[in-house]
Number of protein chains: 2
Amino acid sequence: MEKIPHRTIGRLTLYWRILRDLAGENHSHVYSHALASRSRVTAAQVRRDLMVLGYTGTPARGYDVHKLKHHIEVFLFPAEEQRAVIAGVGNIGRALLKFFNGRRPKLRIAASFERNPDKFNRLIQGCPCHSIEEAGEVIRNTQATVGIIAVPDEEAQFVADTFVASGIRGILNFARTPLHVPPDVYVEDVDLAMSMDKAAYFARQSLKSEPSKAVIKEIHL
Amino acid sequence: MEKIPHRTIGRLTLYWRILRDLAGENHSHVYSHALASRSRVTAAQVRRDLMVLGYTGTPARGYDVHKLKHHIEVFLFPAEEQRAVIAGVGNIGRALLKFFNGRRPKLRIAASFERNPDKFNRLIQGCPCHSIEEAGEVIRNTQATVGIIAVPDEEAQFVADTFVASGIRGILNFARTPLHVPPDVYVEDVDLAMSMDKAAYFARQSLKSEPSKAVIKEIHL
């Protein structure tokens with residue numbers, strides 16, 4: 001169970017979402033190649049990933065949409081409510097609070113942490129805000145296992161250390177700092193600046209390659 | 001130039017950021033293994049990635065921090081101002097506007113688009129907001145090449161089609177919809193719900209594996 005690659009888990013959440021959409025469109029079955037095409041992976045990859053669940057489709061009609069969706073839910077989503085906390089309720093932090101809460105019935109952001117005393121003991125997007133110094137106590141009381149880091153880069157490692165010492169085992173890191181954590185703690189980095197730089201870089205490369213295409217067209221005219 | 005893998009570009013932006021931090025800490029040189037350790041990749045990977053730039057370090061002292069940073073900047077960042085647009089100025093969209101503008105001097109979000117008429121012809125985070133129906137004209141006027149999609153999932157493909165038809169060549173997609181675009185358009189998906197699900201899943205797996213560790217400890221006592 002514990003050896004499942006991180007990317008397989010990512011793809012399973014993607015399949016789940018596609019199955020949810022297919023169920024909403026009243027599809028009863030789906031072929032691995034259709035699931036693959038919507039996920040932009042190969043059909044062989046889809047079949048390998050789904051084997052992890054111990055679920056196989058009937059070749060004639062493909063996978064049962066509702067059953068497969070249920071199998072993925074049992075595998076991926078918590079059986080009981082799982083709680084998360086967030087450090088940093090600036091622009092990104094507040095947007096994340098609003099984005100995440102209510103999205104997964106069994107995953108709830110139970111508390112937020114700030115350095116700014118003006119925000120202490122207030123509800124921010126419906127979520128109580130505490131001093132980061134109270135993080136240990138709040139995390140133990142809420143039994144939170146997931147921590148979101150949305151603080152400035154230079155504070156990220158300190159927050160990660162506090163989170164890990166208090167029992168957090170999965171971190172969603174929006175700071176652009178590679179975090180050092182023990183091997184049993186999972187870090188998912190979301191690097192918005194890097195993603196933007198990549199989109200901008202490839203947009204320029206795409207435009208650069210256009211004049212050469214135009215030249216080739218002229219030669220063939 | 002166009003065959004450079006997407007992940008190499010991602011890692012180059014990471015090295016750039018580390019070099020910027022090292023320069024700020026007054027380091028003059030850095031070894032590939034130190035850069036690798038901070039980036040959580042192998043030293044061989046760092047050396048391979050930097051070969052793309054045509055830059056090699058002197059083995060005795062490592063890479064010159066300022067020179068290498070400059071080489072990456074010339075390679076990665078636009079020589080002239082590059083413009084982006086954003087569709088959707090809800091919570092995530094507004095947070096992104098505030099996050100991105102001012103972060104890269106040569107990359108500016110020049111306009112935003114909305115479906116909600118209350119937001120038209122207003123400045124949102126300093127950025128003019130237009131109807132999505134004006135997207136073609138605004139994108140051509142601003143010569144934007146990058147488009148950020150922060151609209152509800154079911155509107156994302158329509159926005160992507162509008163963007164591509166108007167000259168956008170790089171898309172940063174926050175909707176949880178695999179987009180269909182021509183091969184010369186780059187899409188960078190940022191799937192916040194998937195990232196959260198992964199962090200939550202691995203946090204639970206980490207806790208599950210703890211009792212077995214405890215048992216092993218008892219046996220060895």
# chains A, B, ... in the order shown; residues from 1 in each chain; ligands from 1
>>> residues_around(residues="B:Gly24", least_positions_apart="5", cutoff="12 Å", atoms="only C-alpha atoms", output="PDB file with C-alpha atoms, in the first residue's frame")
ATOM      1  CA  ARG B  17      15.643  31.117  -7.390  1.00  0.00           C
ATOM      2  CA  ILE B  18      18.269  29.295  -5.304  1.00  0.00           C
ATOM      3  CA  LEU B  19      21.049  31.312  -6.985  1.00  0.00           C
ATOM      4  CA  VAL B  65      26.709  32.337  -8.577  1.00  0.00           C
ATOM      5  CA  HIS B  66      26.201  35.698 -10.331  1.00  0.00           C
ATOM      6  CA  LYS B  69      22.157  33.372 -12.411  1.00  0.00           C
TER       7      LYS B  69
END
>>> interface_residues(of="chain B", to="chain A", cutoff="6 Å", atoms="only C-alpha atoms", output="PyMOL selection string")
chain B and resi 91-92+95+146+169-171+184+199-200+203+206
>>> write_last_selection(atoms="C-alpha atoms", output="compact mmCIF listing (two decimals), in the first residue's frame")
# COMPACT_ATOMS: atom_id res chain seq x y z
CA ASN B 91 -11.07 34.37 -5.20
CA ILE B 92 -8.30 32.46 -6.92
CA ALA B 95 -5.16 36.24 -5.42
CA VAL B 146 0.13 34.02 -21.91
CA ARG B 169 0.53 30.47 -26.84
CA GLY B 170 1.04 29.53 -23.17
CA ILE B 171 -1.80 28.74 -20.76
CA ASP B 184 2.04 24.59 -30.54
CA ALA B 199 -1.07 15.58 0.63
CA ALA B 200 -4.09 14.19 2.54
CA ALA B 203 -0.53 11.93 5.45
CA SER B 206 2.21 7.85 6.93
>>> select_by_dssp(residues="stretch 69-144 of chain B", states="helix (DSSP H, G or I)", output="ChimeraX atom specification")
/B:69-76,91-100,117-119,132-142
>>> write_last_selection(atoms="N, CA and C atoms", output="short mmCIF file (atom, residue, chain, number, x, y, z; two decimals), in the first residue's frame")
data_model
loop_
_atom_site.label_atom_id
_atom_site.label_comp_id
_atom_site.auth_asym_id
_atom_site.auth_seq_id
_atom_site.Cartn_x
_atom_site.Cartn_y
_atom_site.Cartn_z
N LYS B 69 23.49 32.75 -12.56
CA LYS B 69 22.16 33.37 -12.41
C LYS B 69 21.84 34.20 -13.67
N HIS B 70 22.83 34.97 -14.12
CA HIS B 70 22.63 35.80 -15.30
C HIS B 70 22.35 34.93 -16.54
N HIS B 71 23.14 33.84 -16.70
CA HIS B 71 22.92 32.94 -17.84
C HIS B 71 21.49 32.39 -17.85
N ILE B 72 21.01 32.00 -16.69
CA ILE B 72 19.66 31.44 -16.61
C ILE B 72 18.64 32.52 -16.94
N GLU B 73 18.88 33.74 -16.47
CA GLU B 73 17.94 34.84 -16.76
C GLU B 73 17.84 35.10 -18.25
N VAL B 74 18.98 35.14 -18.92
CA VAL B 74 18.99 35.40 -20.36
C VAL B 74 18.22 34.30 -21.08
N PHE B 75 18.41 33.07 -20.58
CA PHE B 75 17.78 31.91 -21.22
C PHE B 75 16.28 31.86 -20.95
N LEU B 76 15.88 32.10 -19.71
CA LEU B 76 14.51 31.83 -19.27
C LEU B 76 13.57 33.01 -19.38
N ASN B 91 -12.07 34.40 -6.28
CA ASN B 91 -11.07 34.37 -5.20
C ASN B 91 -9.69 34.03 -5.70
N ILE B 92 -9.61 32.92 -6.45
CA ILE B 92 -8.30 32.46 -6.92
C ILE B 92 -7.73 33.48 -7.91
N GLY B 93 -8.56 33.95 -8.84
CA GLY B 93 -8.10 34.91 -9.84
C GLY B 93 -7.55 36.19 -9.22
N ARG B 94 -8.27 36.73 -8.24
CA ARG B 94 -7.80 37.95 -7.59
C ARG B 94 -6.49 37.72 -6.83
N ALA B 95 -6.40 36.56 -6.15
CA ALA B 95 -5.16 36.24 -5.42
C ALA B 95 -4.00 36.12 -6.40
N LEU B 96 -4.25 35.55 -7.58
CA LEU B 96 -3.19 35.39 -8.58
C LEU B 96 -2.75 36.74 -9.12
N LEU B 97 -3.73 37.63 -9.38
CA LEU B 97 -3.40 38.97 -9.87
C LEU B 97 -2.45 39.66 -8.89
N LYS B 98 -2.77 39.58 -7.62
CA LYS B 98 -1.95 40.23 -6.61
C LYS B 98 -0.59 39.52 -6.49
N PHE B 99 -0.61 38.20 -6.63
CA PHE B 99 0.62 37.42 -6.48
C PHE B 99 1.59 37.67 -7.63
N PHE B 100 1.06 37.71 -8.85
CA PHE B 100 1.96 37.77 -10.01
C PHE B 100 2.42 39.18 -10.34
N PRO B 117 -21.14 41.06 -15.33
CA PRO B 117 -21.11 42.44 -15.85
C PRO B 117 -20.78 43.48 -14.77
N ASP B 118 -21.01 43.15 -13.49
CA ASP B 118 -20.69 44.10 -12.41
C ASP B 118 -19.20 44.42 -12.39
N LYS B 119 -18.40 43.53 -12.95
CA LYS B 119 -16.95 43.72 -12.88
C LYS B 119 -16.37 44.40 -14.12
N ILE B 132 -15.64 38.71 -21.37
CA ILE B 132 -14.89 37.67 -22.09
C ILE B 132 -15.13 37.81 -23.59
N GLU B 133 -16.25 38.44 -23.97
CA GLU B 133 -16.54 38.61 -25.41
C GLU B 133 -15.57 39.58 -26.10
N GLU B 134 -14.91 40.40 -25.28
CA GLU B 134 -13.93 41.34 -25.85
C GLU B 134 -12.52 40.75 -25.86
N ALA B 135 -12.40 39.49 -25.45
CA ALA B 135 -11.07 38.89 -25.25
C ALA B 135 -10.21 38.98 -26.51
N GLY B 136 -10.81 38.65 -27.67
CA GLY B 136 -10.04 38.64 -28.90
C GLY B 136 -9.38 39.99 -29.15
N GLU B 137 -10.19 41.06 -29.06
CA GLU B 137 -9.69 42.41 -29.33
C GLU B 137 -8.63 42.83 -28.30
N VAL B 138 -8.92 42.58 -27.01
CA VAL B 138 -8.00 42.99 -25.94
C VAL B 138 -6.68 42.24 -26.06
N ILE B 139 -6.74 40.95 -26.35
CA ILE B 139 -5.51 40.16 -26.44
C ILE B 139 -4.67 40.65 -27.63
N ARG B 140 -5.33 40.95 -28.75
CA ARG B 140 -4.57 41.45 -29.91
C ARG B 140 -3.97 42.82 -29.61
N ASN B 141 -4.75 43.69 -28.94
CA ASN B 141 -4.24 45.04 -28.62
C ASN B 141 -3.07 45.00 -27.65
N THR B 142 -3.15 44.12 -26.66
CA THR B 142 -2.08 44.06 -25.65
C THR B 142 -0.93 43.16 -26.11
#
>>> select_by_dssp(residues="stretch 2-221 of chain B", states="strand (DSSP E)", output="PyMOL selection string")
chain B and resi 29-30+63-64+82-87+107-114+123-124+127-131+146-149+170-173+186-189
>>> closest_residue(among="A:Asn121, A:Gln143, A:Tyr15, A:Ala79", to="A:Ile109", atoms="only C-alpha atoms")
A:Gln143
